[in-house]
file upload-v5.txt (compact mmCIF, C-alpha atoms)
# COMPACT_ATOMS: atom_id res chain seq x y z
CA MET A 2 -2.33 -21.71 4.96
CA ILE A 3 0.17 -24.32 3.81
CA ILE A 4 -0.63 -26.68 6.64
CA LYS A 5 2.76 -28.36 6.99
CA HIS A 6 4.60 -25.03 7.17
CA ARG A 7 2.01 -23.48 9.49
CA ASP A 8 1.99 -26.39 11.92
CA LYS A 9 5.78 -26.55 11.94
CA PHE A 10 6.11 -22.80 12.57
CA ASN A 11 3.53 -22.79 15.37
CA ALA A 12 5.17 -25.77 17.07
CA GLU A 13 8.63 -24.17 16.91
CA TYR A 14 7.59 -20.57 17.70
CA ASN A 15 9.32 -18.84 20.56
CA GLU A 16 9.09 -15.24 21.69
CA GLY A 17 12.87 -14.88 21.71
CA ALA A 18 13.15 -15.28 17.94
CA TYR A 19 10.39 -12.71 17.45
CA GLN A 20 12.20 -10.22 19.68
CA LYS A 21 15.33 -10.76 17.58
CA VAL A 22 13.34 -9.76 14.50
CA LEU A 23 12.38 -6.48 16.20
CA ASP A 24 15.76 -5.90 17.83
CA SER A 25 17.55 -6.23 14.51
CA PHE A 26 15.80 -3.10 13.25
CA ASP A 27 17.10 -1.26 16.31
CA GLU A 28 20.60 -2.54 15.64
CA THR A 29 20.64 -1.65 11.94
CA TYR A 30 18.56 1.52 11.81
CA LYS A 31 18.55 2.73 15.44
CA TYR A 32 14.78 2.64 15.11
CA ARG A 33 12.02 0.17 15.88
CA PRO A 34 8.79 0.06 13.83
CA THR A 35 6.02 1.95 15.62
CA PHE A 36 3.28 -0.29 14.20
CA HIS A 37 2.76 -3.87 15.29
CA VAL A 38 4.94 -6.25 13.31
CA CYS A 39 3.18 -9.59 13.23
CA GLU A 40 4.78 -12.44 15.13
CA THR A 41 4.38 -14.72 12.14
CA PRO A 42 4.87 -14.65 8.39
CA VAL A 43 2.16 -16.21 6.22
CA PHE A 44 2.65 -19.36 4.14
CA LEU A 45 0.58 -19.24 0.96
CA PRO A 46 -0.07 -22.13 -1.47
CA LYS A 47 0.57 -22.08 -5.19
CA ASP A 48 -3.12 -22.17 -6.16
CA LEU A 49 -3.84 -18.99 -4.19
CA LYS A 50 -0.74 -17.37 -5.64
CA GLU A 51 -2.03 -18.12 -9.14
CA LYS A 52 -5.44 -16.60 -8.30
CA LEU A 53 -3.82 -13.44 -6.91
CA VAL A 54 -1.64 -13.07 -10.00
CA ARG A 55 -4.66 -13.59 -12.28
CA ALA A 56 -6.70 -11.08 -10.28
CA CYS A 57 -3.96 -8.45 -10.60
CA ASP A 58 -3.75 -9.07 -14.33
CA GLU A 59 -7.52 -8.77 -14.86
CA ILE A 60 -7.80 -5.61 -12.78
CA SER A 61 -4.76 -4.06 -14.47
CA GLN A 62 -6.55 -4.31 -17.83
CA THR A 63 -8.82 -1.44 -16.80
CA ILE A 64 -5.86 0.71 -15.71
CA LEU A 65 -4.14 -0.10 -19.02
CA ARG A 66 -7.08 1.15 -21.06
CA PRO A 67 -6.06 4.07 -23.33
CA ASP A 68 -9.02 6.07 -21.99
CA PHE A 69 -8.29 5.39 -18.30
CA LYS A 70 -7.17 8.97 -17.65
CA GLU A 71 -10.45 10.19 -19.12
CA LEU A 72 -12.44 7.72 -17.02
CA SER A 73 -10.63 8.71 -13.82
CA GLN A 74 -10.45 12.47 -14.39
CA GLY A 75 -13.24 13.05 -11.88
CA ALA A 76 -10.98 11.67 -9.16
CA VAL A 77 -8.53 14.56 -9.45
CA LEU A 78 -9.90 17.16 -7.08
CA SER A 79 -10.57 20.68 -8.29
CA GLY A 80 -7.90 23.07 -7.09
CA GLN A 81 -5.40 20.25 -6.48
CA THR A 82 -4.07 19.79 -10.01
CA VAL A 83 -0.33 19.11 -10.03
CA PRO A 84 1.69 19.93 -13.20
CA ASN A 85 3.80 17.40 -15.12
CA GLU A 86 1.61 14.34 -14.67
CA THR A 87 3.28 11.13 -15.84
CA ASP A 88 1.77 8.86 -18.51
CA HIS A 89 1.09 6.14 -15.97
CA THR A 90 1.52 5.37 -12.32
CA THR A 91 4.88 4.13 -11.05
CA PHE A 92 3.48 2.28 -8.05
CA LEU A 93 0.45 0.05 -7.99
CA GLN A 94 -0.93 -1.99 -5.11
CA MET A 95 -3.99 -4.17 -4.85
CA ASP A 96 -5.41 -5.25 -1.49
CA PHE A 97 -7.27 -8.56 -1.44
CA GLY A 98 -9.26 -10.07 1.38
CA ILE A 99 -8.87 -13.85 1.47
CA CYS A 100 -12.42 -15.21 1.45
CA PRO A 101 -14.20 -18.59 1.22
CA ASP A 102 -14.87 -19.63 -2.38
CA GLY A 103 -17.92 -21.74 -1.50
CA ASN A 104 -16.17 -24.99 -2.45
CA GLY A 105 -13.98 -25.46 0.58
CA GLY A 106 -11.17 -23.32 -0.80
CA PHE A 107 -10.30 -19.65 -0.84
CA LYS A 108 -10.45 -16.79 -3.30
CA PRO A 109 -9.08 -13.23 -3.26
CA GLN A 110 -11.56 -10.35 -3.27
CA LEU A 111 -10.37 -6.84 -4.06
CA ILE A 112 -10.75 -4.38 -1.20
CA GLU A 113 -8.94 -1.48 -2.79
CA ALA A 114 -6.40 -0.56 -5.48
CA GLN A 115 -3.81 2.16 -4.85
CA GLY A 116 -1.60 4.19 -7.16
CA PHE A 117 0.67 5.24 -4.30
CA PRO A 118 3.87 3.71 -2.89
CA SER A 119 3.49 1.23 -0.07
CA LEU A 120 6.23 -0.22 2.16
CA TYR A 121 8.41 -1.51 -0.68
CA PHE A 122 11.60 -1.21 1.37
CA PHE A 123 10.41 -2.34 4.79
CA GLN A 124 8.68 -5.43 3.41
CA HIS A 125 11.88 -6.78 1.96
CA ALA A 126 13.80 -5.94 5.15
CA LEU A 127 11.16 -7.76 7.21
CA ALA A 128 11.17 -10.80 4.93
CA LYS A 129 14.95 -11.08 5.32
CA ARG A 130 14.61 -10.98 9.10
CA TYR A 131 11.83 -13.57 9.17
CA ARG A 132 14.07 -15.81 7.11
CA LYS A 133 17.12 -15.14 9.29
CA PHE A 134 15.52 -15.70 12.69
CA TYR A 135 12.83 -18.24 11.76
CA ASN A 136 13.31 -21.50 9.92
CA ILE A 137 11.69 -20.58 6.57
CA ASP A 138 11.74 -23.27 3.87
CA ASP A 139 13.94 -22.47 0.84
CA ASN A 140 11.06 -23.40 -1.48
CA LEU A 141 9.09 -20.36 -0.24
CA ASP A 142 9.66 -16.84 -1.53
CA HIS A 143 8.27 -13.33 -0.97
CA PHE A 144 9.20 -12.25 -4.52
CA PHE A 145 7.37 -13.05 -7.78
CA GLY A 146 8.44 -14.23 -11.22
CA ASP A 147 12.21 -14.30 -11.72
CA ILE A 148 12.83 -11.51 -9.21
CA ASP A 149 15.47 -11.96 -6.53
CA GLU A 150 17.00 -9.42 -4.13
CA ALA A 151 19.41 -7.95 -6.69
CA LYS A 152 16.71 -7.53 -9.36
CA TYR A 153 14.29 -6.10 -6.79
CA VAL A 154 16.74 -3.40 -5.71
CA GLU A 155 17.60 -2.70 -9.35
CA LYS A 156 13.92 -2.16 -10.22
CA LEU A 157 13.41 0.18 -7.25
CA LYS A 158 16.54 2.11 -8.21
CA ASN A 159 15.42 2.40 -11.85
CA CYS A 160 11.99 3.66 -10.80
CA ILE A 161 13.04 6.08 -8.07
CA VAL A 162 16.60 7.24 -8.77
CA GLY A 163 16.74 6.69 -12.52
CA ASP A 164 19.75 8.42 -14.08
CA CYS A 165 20.13 10.95 -11.24
CA GLU A 166 22.64 10.99 -8.44
CA PRO A 167 20.81 9.82 -5.29
CA LYS A 168 21.48 13.14 -3.53
CA HIS A 169 19.36 14.91 -6.15
CA VAL A 170 16.42 12.62 -5.40
CA ILE A 171 14.35 13.04 -2.24
CA LEU A 172 11.65 11.07 -0.49
CA LEU A 173 9.11 13.78 0.34
CA GLU A 174 6.83 13.56 3.37
CA ILE A 175 5.24 15.63 6.12
CA GLU A 176 7.52 15.45 9.16
CA PRO A 177 8.88 12.08 8.00
CA GLU A 178 10.45 11.18 11.37
CA LYS A 179 6.99 11.30 12.97
CA GLN A 180 5.26 9.13 10.38
CA ASN A 181 4.20 5.60 11.27
CA THR A 182 5.99 4.48 8.10
CA ALA A 183 9.32 6.11 9.06
CA ILE A 184 11.05 2.72 9.12
CA ASP A 185 10.42 2.41 5.37
CA PHE A 186 12.14 5.77 4.79
CA LEU A 187 15.17 4.63 6.77
CA VAL A 188 15.48 1.40 4.79
CA CYS A 189 15.04 3.35 1.53
CA LYS A 190 17.85 5.73 2.51
CA ARG A 191 20.18 2.85 3.33
CA ILE A 192 19.43 0.91 0.12
CA LEU A 193 19.23 3.76 -2.42
CA GLY A 194 21.00 6.63 -0.65
CA VAL A 195 17.89 8.80 -1.07
CA PRO A 196 17.31 11.25 1.81
CA TYR A 197 13.88 11.88 3.29
CA VAL A 198 12.82 15.53 3.51
CA CYS A 199 9.88 17.34 5.05
CA VAL A 200 7.79 19.39 2.64
CA SER A 201 8.30 22.41 4.92
CA ASP A 202 12.10 22.19 4.47
CA LEU A 203 12.09 22.64 0.70
CA ILE A 204 13.54 25.87 -0.65
CA CYS A 205 12.12 27.35 -3.86
CA GLU A 206 14.08 29.69 -6.13
CA GLY A 207 11.92 30.40 -9.13
CA LYS A 208 10.99 26.96 -10.46
CA ASP A 209 14.06 25.28 -8.96
CA VAL A 210 13.72 23.34 -5.72
CA PHE A 211 16.42 22.71 -3.10
CA TYR A 212 16.95 21.13 0.31
CA LYS A 213 19.82 21.30 2.80
CA ASP A 214 21.69 18.08 3.47
CA GLU A 215 23.06 16.91 6.82
CA ASN A 216 26.07 19.23 6.40
CA GLY A 217 23.92 22.26 5.64
CA GLU A 218 24.83 22.25 1.94
CA LYS A 219 22.06 23.35 -0.41
CA ILE A 220 21.29 20.57 -2.91
CA GLN A 221 19.04 20.87 -5.95
CA VAL A 222 16.11 18.46 -6.15
CA LYS A 223 15.66 16.84 -9.56
CA ARG A 224 13.31 13.99 -8.65
CA ILE A 225 10.67 13.68 -5.93
CA PHE A 226 9.71 10.26 -4.62
CA ASN A 227 6.36 11.40 -3.26
CA ARG A 228 4.97 10.01 -0.02
CA VAL A 229 2.80 13.02 0.86
CA ILE A 230 -0.92 12.32 1.14
CA PHE A 231 -2.96 15.40 0.20
CA ASP A 232 -5.62 14.69 2.80
CA GLU A 233 -3.03 15.00 5.56
CA LEU A 234 -1.28 18.00 3.99
CA LEU A 235 -4.51 20.00 3.73
CA GLN A 236 -5.06 19.55 7.46
CA ARG A 237 -1.60 20.91 8.29
CA ASP A 238 -2.11 24.64 7.88
CA ASP A 239 0.45 25.06 10.68
CA LEU A 240 3.27 24.09 8.31
CA LYS A 241 5.18 27.07 6.96
CA ARG A 242 6.38 26.18 3.50
CA GLU A 243 7.59 27.57 0.18
CA PHE A 244 6.78 24.47 -1.87
CA TYR A 245 3.26 24.00 -3.23
CA PHE A 246 2.32 20.98 -5.32
CA THR A 247 0.04 22.94 -7.62
CA GLU A 248 2.83 25.24 -8.81
CA GLU A 249 5.21 24.52 -11.68
CA HIS A 250 8.61 23.19 -10.54
CA ASN A 251 11.67 21.86 -12.34
CA VAL A 252 11.28 18.38 -10.86
CA GLU A 253 10.32 14.92 -12.06
CA TRP A 254 7.67 13.11 -10.03
CA VAL A 255 8.20 9.51 -9.00
CA GLY A 256 4.68 8.61 -8.08
CA HIS A 257 2.88 11.68 -9.42
CA PRO A 258 0.24 12.81 -6.88
CA HIS A 259 -2.64 12.48 -9.36
CA TRP A 260 -2.27 8.69 -9.38
CA PHE A 261 -3.13 8.55 -5.69
CA PHE A 262 -6.58 9.80 -6.68
CA ARG A 263 -6.98 8.10 -10.05
CA ILE A 264 -6.22 4.59 -8.76
CA SER A 265 -8.16 4.45 -5.53
CA LYS A 266 -11.69 3.71 -4.36
CA HIS A 267 -12.73 5.86 -7.32
CA THR A 268 -11.58 3.01 -9.59
CA LEU A 269 -13.66 0.27 -7.95
CA PRO A 270 -16.96 0.83 -9.84
CA LEU A 271 -15.03 0.64 -13.13
CA LEU A 272 -13.71 -2.86 -12.43
CA LYS A 273 -15.45 -6.05 -13.54
CA SER A 274 -13.94 -9.35 -12.44
CA GLU A 275 -14.79 -12.38 -10.35
CA PHE A 276 -12.18 -11.02 -7.95
CA VAL A 277 -13.89 -7.62 -7.50
CA PRO A 278 -16.98 -7.20 -5.29
CA GLU A 279 -19.83 -5.25 -6.88
CA SER A 280 -19.31 -1.50 -6.34
CA HIS A 281 -21.29 1.65 -7.21
CA PHE A 282 -20.92 5.40 -6.84
CA LEU A 283 -23.55 6.32 -4.27
CA ASN A 284 -24.89 9.24 -6.33
CA GLU A 285 -25.42 7.02 -9.40
CA LEU A 286 -27.74 4.53 -7.69
CA GLU A 287 -31.39 5.07 -8.63
CA GLU A 288 -32.42 3.11 -5.56
CA LEU A 289 -30.50 1.67 -2.64
CA PRO A 290 -30.04 -2.09 -2.32
CA ALA A 291 -32.71 -3.76 -0.19
CA ASP A 292 -30.05 -5.76 1.67
CA LEU A 293 -27.97 -2.85 3.01
CA GLU A 294 -26.62 -5.13 5.75
CA ASN A 295 -24.54 -6.79 3.00
CA TRP A 296 -22.91 -3.55 1.82
CA VAL A 297 -20.22 -1.21 3.11
CA LEU A 298 -19.98 2.54 2.53
CA LYS A 299 -16.56 3.99 1.73
CA PRO A 300 -15.62 7.66 1.33
CA LEU A 301 -13.60 8.22 -1.83
CA TYR A 302 -11.07 10.61 -0.32
CA SER A 303 -9.96 9.04 2.93
CA PHE A 304 -6.97 7.01 4.00
CA ALA A 305 -6.27 4.04 6.30
CA GLY A 306 -9.93 3.06 6.59
CA SER A 307 -11.21 6.32 8.10
CA GLY A 308 -14.88 7.07 7.49
CA VAL A 309 -15.83 3.54 6.43
CA MET A 310 -19.35 2.56 7.57
CA LEU A 311 -20.15 -1.13 8.07
CA ASN A 312 -23.67 -1.14 9.50
CA LEU A 313 -25.82 0.78 7.06
CA ASN A 314 -29.42 1.93 7.03
CA GLN A 315 -31.41 4.08 4.63
CA HIS A 316 -31.71 6.95 7.12
CA ASP A 317 -27.93 7.34 7.53
CA LEU A 318 -27.36 7.16 3.79
CA GLY A 319 -30.09 9.71 3.20
CA MET A 320 -28.29 12.17 5.47
CA ILE A 321 -25.14 12.18 3.32
CA LYS A 322 -24.95 15.58 1.62
CA ASP A 323 -22.21 14.70 -0.90
CA PRO A 324 -23.08 11.22 -2.23
CA GLU A 325 -20.74 11.78 -5.20
CA ASN A 326 -17.86 11.33 -2.74
CA TYR A 327 -18.88 7.82 -1.62
CA ILE A 328 -19.13 4.34 -3.02
CA LEU A 329 -21.21 1.37 -1.93
CA GLN A 330 -19.33 -1.91 -2.10
CA ARG A 331 -20.73 -5.35 -1.43
CA LYS A 332 -19.26 -6.76 1.76
CA VAL A 333 -16.88 -9.66 1.62
CA THR A 334 -16.46 -12.30 4.27
CA TYR A 335 -12.88 -12.83 5.33
CA ALA A 336 -12.01 -16.41 6.17
CA PRO A 337 -10.07 -17.10 9.40
CA VAL A 338 -7.31 -18.79 7.43
CA VAL A 339 -4.20 -18.31 9.56
CA LYS A 340 -3.95 -20.68 12.48
CA THR A 341 -2.39 -18.91 15.47
CA LEU A 342 -1.73 -19.91 19.06
CA ASP A 343 -5.21 -18.74 20.13
CA VAL A 344 -7.85 -17.37 17.71
CA ASP A 345 -7.37 -17.94 13.99
CA ALA A 346 -6.64 -14.74 12.05
CA LYS A 347 -8.20 -13.21 8.95
CA LEU A 348 -5.86 -12.26 6.14
CA GLU A 349 -5.47 -9.45 3.64
CA VAL A 350 -2.77 -9.64 0.99
CA ARG A 351 -1.43 -6.52 -0.70
CA MET A 352 0.24 -7.23 -4.02
CA LEU A 353 3.02 -4.69 -4.62
CA MET A 354 3.68 -3.80 -8.25
CA LEU A 355 6.10 -1.54 -10.10
CA TRP A 356 5.60 0.06 -13.51
CA GLU A 357 8.96 1.11 -14.90
CA ARG A 358 9.11 3.77 -17.59
CA GLY A 359 9.32 2.35 -21.07
CA THR A 360 7.65 -0.92 -20.11
CA PRO A 361 4.16 -1.93 -21.29
CA LYS A 362 2.59 -2.72 -17.92
CA PRO A 363 3.17 -3.04 -14.17
CA VAL A 364 4.69 -6.21 -12.76
CA ILE A 365 4.16 -7.83 -9.36
CA VAL A 366 7.36 -7.73 -7.31
CA THR A 367 6.51 -8.58 -3.70
CA ASN A 368 3.72 -8.45 -1.13
CA LEU A 369 2.50 -7.18 2.20
CA CYS A 370 0.18 -9.20 4.44
CA ARG A 371 -2.00 -7.96 7.26
CA LEU A 372 -3.56 -10.22 9.86
CA SER A 373 -6.61 -9.34 11.92
CA LYS A 374 -8.73 -10.85 14.66
CA GLY A 375 -11.15 -7.90 14.75
CA ALA A 376 -14.12 -6.73 12.69
CA MET A 377 -11.82 -5.04 10.15
CA ILE A 378 -8.19 -5.01 9.13
CA GLY A 379 -6.49 -2.19 11.00
CA VAL A 380 -4.83 -1.16 14.24
CA LYS A 381 -7.92 0.08 16.07
CA PHE A 382 -9.68 -3.26 15.56
CA ASN A 383 -6.75 -5.28 16.87
CA LYS A 384 -5.65 -3.52 20.04
CA ASP A 385 -4.19 -5.80 22.72
CA LYS A 386 -4.16 -8.76 20.31
CA THR A 387 -1.15 -10.80 19.24
CA TRP A 388 -0.31 -12.48 15.93
CA VAL A 389 -1.94 -9.57 14.09
CA GLY A 390 -0.64 -6.62 12.08
CA GLY A 391 1.88 -6.26 9.29
CA SER A 392 3.54 -9.37 7.90
CA VAL A 393 5.00 -10.89 4.72
CA GLY A 394 3.63 -13.70 2.62
CA PHE A 395 5.98 -16.52 1.62
CA PHE A 396 4.54 -18.23 -1.47
CA GLU A 397 5.26 -21.65 -2.90
CA ARG A 398 7.59 -21.20 -5.86
call {"tool": "encode", "arguments": {"input": "upload-v5.txt", "output": "structure tokens"}}
result
Amino acid sequence: MIIKHRDKFNAEYNEGAYQKVLDSFDETYKYRPTFHVCETPVFLPKDLKEKLVRACDEISQTILRPDFKELSQGAVLSGQTVPNETDHTTFLQMDFGICPDGNGGFKPQLIEAQGFPSLYFFQHALAKRYRKFYNIDDNLDHFFGDIDEAKYVEKLKNCIVGDCEPKHVILLEIEPEKQNTAIDFLVCKRILGVPYVCVSDLICEGKDVFYKDENGEKIQVKRIFNRVIFDELLQRDDLKREFYFTEEHNVEWVGHPHWFFRISKHTLPLLKSEFVPESHFLNELEELPADLENWVLKPLYSFAGSGVMLNLNQHDLGMIKDPENYILQRKVTYAPVVKTLDVDAKLEVRMLMLWERGTPKPVIVTNLCRLSKGAMIGVKFNKDKTWVGGSVGFFER
């Protein structure tokens, strides 16, 4: 979007440099990302950066409200209450579609907020590789504020490891090696020394929790960096396990599971900002909008875009038996803002934030960008396309 950087990158682009970006993951981690890493980073101007920062600040005001837990209590599903909830989320992300502002410029529009860890480790690793193998201007940065690599790693360590030895902290997932985000776990292990463990491999002795390390030694778990999504876990009744989230354990949660539900689509109707499209709980609408073609239906408890309905009619909405589990959100129009070698791409920017214990609010640390040439952001809408998928935004300082 910064024309001089975009034109320069496109003119200099060669497939060999892109392959070096991918190959370097193989060389360092003996693993290549299973999702499509975009061929290009994104170059974002200072005015858009300022709008994104302001949007995050305005939206965070709702999450900072002293009654936010009360407002979001309905998001915590019955029967899935996890003990030892933290005072606030540790991880906070906000996804913004980049849309026309009506005056020839662009504005961010919130698609979703998440109280769940994103690819904090992979994004930094990818940004370093883009910078190494592409000619990225020194005046562009993927960090925010006064953060540099050392401060970024320090913040992640403070949030996740805290005052524990890394071996007593685990990244918890369901069959982590098989997850599409496995590359993030590998980078996390290298940077922080935190092992990734499958939920089925945990050993429970009373309230104490253990895992076996690579040498077969039983190690007590004191902190859990949670990457398990309940929706996926509930579908895996084939997993034999001793550890159940709803039981009391002698562990600290880093990213307590409740915040996945509290800060989610369930939050959208609570938010009022020029950067947030109008949203309503479906069951609270006395009558449906007359212009349903301009709205999108989103299930509250789904992940990665599953169940989203774009082309609505009154008949389909009338057939929904649990309207309390859906929201209607006014559609936004993504602008094709990223010039590629064929069709220009739409852009979504995820602002990655951390909320350290003892600090008054979350701070923006880095970002994740996703490019799309399909009807929606996501893999299934971009099959067989290039210059799409996961990327990093480099912002003007």
call {"tool": "residues_around", "arguments": {"input": "upload-v5.txt", "residues": "stretch 163-178 of chain A", "least_positions_apart": "5", "cutoff": "7 Å", "atoms": "only C-alpha atoms", "output": "ChimeraX atom specification"}}
result
/A:158,183,193-200,220-229
call {"tool": "closest_atom_pairs", "arguments": {"input": "upload-v5.txt", "of": "stretch 126-204 of chain A", "to": "stretch 118-121 of chain A", "cutoff": "12 Å", "atoms": "all atoms listed in the file", "output": "Markdown table"}}
result
| residue | atom | partner | partner_atom | distance |
| --- | --- | --- | --- | --- |
| A:Ala126 | CA | A:Tyr121 | CA | 9.1 |
| A:Leu127 | CA | A:Leu120 | CA | 10.3 |
| A:Ala128 | CA | A:Tyr121 | CA | 11.2 |
| A:His143 | CA | A:Tyr121 | CA | 11.8 |
| A:Phe144 | CA | A:Tyr121 | CA | 11.4 |
| A:Tyr153 | CA | A:Tyr121 | CA | 9.6 |
| A:Val154 | CA | A:Tyr121 | CA | 9.9 |
| A:Lys156 | CA | A:Tyr121 | CA | 11.0 |
| A:Leu157 | CA | A:Tyr121 | CA | 8.4 |
| A:Lys158 | CA | A:Tyr121 | CA | 11.7 |
| A:Cys160 | CA | A:Pro118 | CA | 11.3 |
| A:Ile161 | CA | A:Pro118 | CA | 10.8 |
| A:Leu172 | CA | A:Pro118 | CA | 11.0 |
| A:Leu173 | CA | A:Pro118 | CA | 11.8 |
| A:Asn181 | CA | A:Leu120 | CA | 11.0 |
| A:Thr182 | CA | A:Leu120 | CA | 7.6 |
| A:Ala183 | CA | A:Leu120 | CA | 9.9 |
| A:Ile184 | CA | A:Leu120 | CA | 9.0 |
| A:Asp185 | CA | A:Leu120 | CA | 5.9 |
| A:Phe186 | CA | A:Leu120 | CA | 8.8 |
| A:Leu187 | CA | A:Leu120 | CA | 11.2 |
| A:Val188 | CA | A:Tyr121 | CA | 9.4 |
| A:Cys189 | CA | A:Tyr121 | CA | 8.5 |
| A:Ile192 | CA | A:Tyr121 | CA | 11.3 |
call {"tool": "closest_residue", "arguments": {"input": "upload-v5.txt", "among": "A:Phe244, A:Trp388, A:Trp260, A:Phe396", "to": "A:His37", "atoms": "only C-alpha atoms"}}
result
A:Trp388
call {"tool": "atom_distance", "arguments": {"input": "upload-v5.txt", "atom1": "atom CA of A:Trp356", "atom2": "atom CA of A:Leu203"}}
result
27.5 Å
call {"tool": "residues_around", "arguments": {"input": "upload-v5.txt", "residues": "A:Tyr131", "least_positions_apart": "6", "cutoff": "8 Å", "atoms": "all atoms listed in the file", "output": "PyMOL selection string"}}
result
chain A and resi 22+42+137
call {"tool": "residues_around", "arguments": {"input": "upload-v5.txt", "residues": "stretch 246-254 of chain A", "least_positions_apart": "4", "cutoff": "9 Å", "atoms": "all atoms listed in the file", "output": "list in words"}}
result
Gly80, Gln81, Thr82, Val83, Pro84, Asn85, Glu86, Thr87, Cys205, Gly207, Lys208, Asp209, Val210, Val222, Lys223, Arg224, Ile225, Phe226, Asn227 and Pro258 of chain A
call {"tool": "write_last_selection", "arguments": {"input": "upload-v5.txt", "atoms": "C-alpha atoms", "output": "CSV table (one decimal), in the coordinates of the input"}}
result
chain,number,residue,atom,x,y,z
A,80,GLY,CA,-7.9,23.1,-7.1
A,81,GLN,CA,-5.4,20.2,-6.5
A,82,THR,CA,-4.1,19.8,-10.0
A,83,VAL,CA,-0.3,19.1,-10.0
A,84,PRO,CA,1.7,19.9,-13.2
A,85,ASN,CA,3.8,17.4,-15.1
A,86,GLU,CA,1.6,14.3,-14.7
A,87,THR,CA,3.3,11.1,-15.8
A,205,CYS,CA,12.1,27.4,-3.9
A,207,GLY,CA,11.9,30.4,-9.1
A,208,LYS,CA,11.0,27.0,-10.5
A,209,ASP,CA,14.1,25.3,-9.0
A,210,VAL,CA,13.7,23.3,-5.7
A,222,VAL,CA,16.1,18.5,-6.2
A,223,LYS,CA,15.7,16.8,-9.6
A,224,ARG,CA,13.3,14.0,-8.6
A,225,ILE,CA,10.7,13.7,-5.9
A,226,PHE,CA,9.7,10.3,-4.6
A,227,ASN,CA,6.4,11.4,-3.3
A,258,PRO,CA,0.2,12.8,-6.9
call {"tool": "residues_near_point", "arguments": {"input": "upload-v5.txt", "point": "(-18.8, -3.1, 0.5)", "cutoff": "12 Å", "atoms": "only C-alpha atoms", "output": "VMD selection string"}}
result
chain A and resid 98 110 to 113 266 269 to 270 277 to 283 290 292 to 300 309 to 313 327 to 334
call {"tool": "closest_residue", "arguments": {"input": "upload-v5.txt", "among": "A:Ile148, A:Thr41, A:Lys384, A:Leu23", "to": "A:Lys340", "atoms": "all atoms listed in the file"}}
result
A:Thr41
call {"tool": "closest_residue", "arguments": {"input": "upload-v5.txt", "among": "A:His257, A:Lys129, A:Lys70, A:Lys108", "to": "A:Phe26", "atoms": "all atoms listed in the file"}}
result
A:Lys129
call {"tool": "atom_distance", "arguments": {"input": "upload-v5.txt", "atom1": "atom CA of A:Ile204", "atom2": "atom CA of A:His259"}}
result
22.7 Å
call {"tool": "closest_residue", "arguments": {"input": "upload-v5.txt", "among": "A:Leu93, A:Cys370, A:Val38, A:Ile230", "to": "A:Lys347", "atoms": "only C-alpha atoms"}}
result
A:Cys370
call {"tool": "residues_around", "arguments": {"input": "upload-v5.txt", "residues": "A:Asn383", "least_positions_apart": "3", "cutoff": "12 Å", "atoms": "all atoms listed in the file", "output": "list in words"}}
result
Phe36, His37, Cys39, Ala346, Lys347, Arg371, Leu372, Ser373, Lys374, Gly375, Ala376, Met377, Ile378, Gly379, Val380, Lys386, Thr387, Trp388, Val389, Gly390 and Gly391 of chain A
call {"tool": "atom_distance", "arguments": {"input": "upload-v5.txt", "atom1": "atom CA of A:Ala76", "atom2": "atom CA of A:Arg263"}}
result
5.4 Å
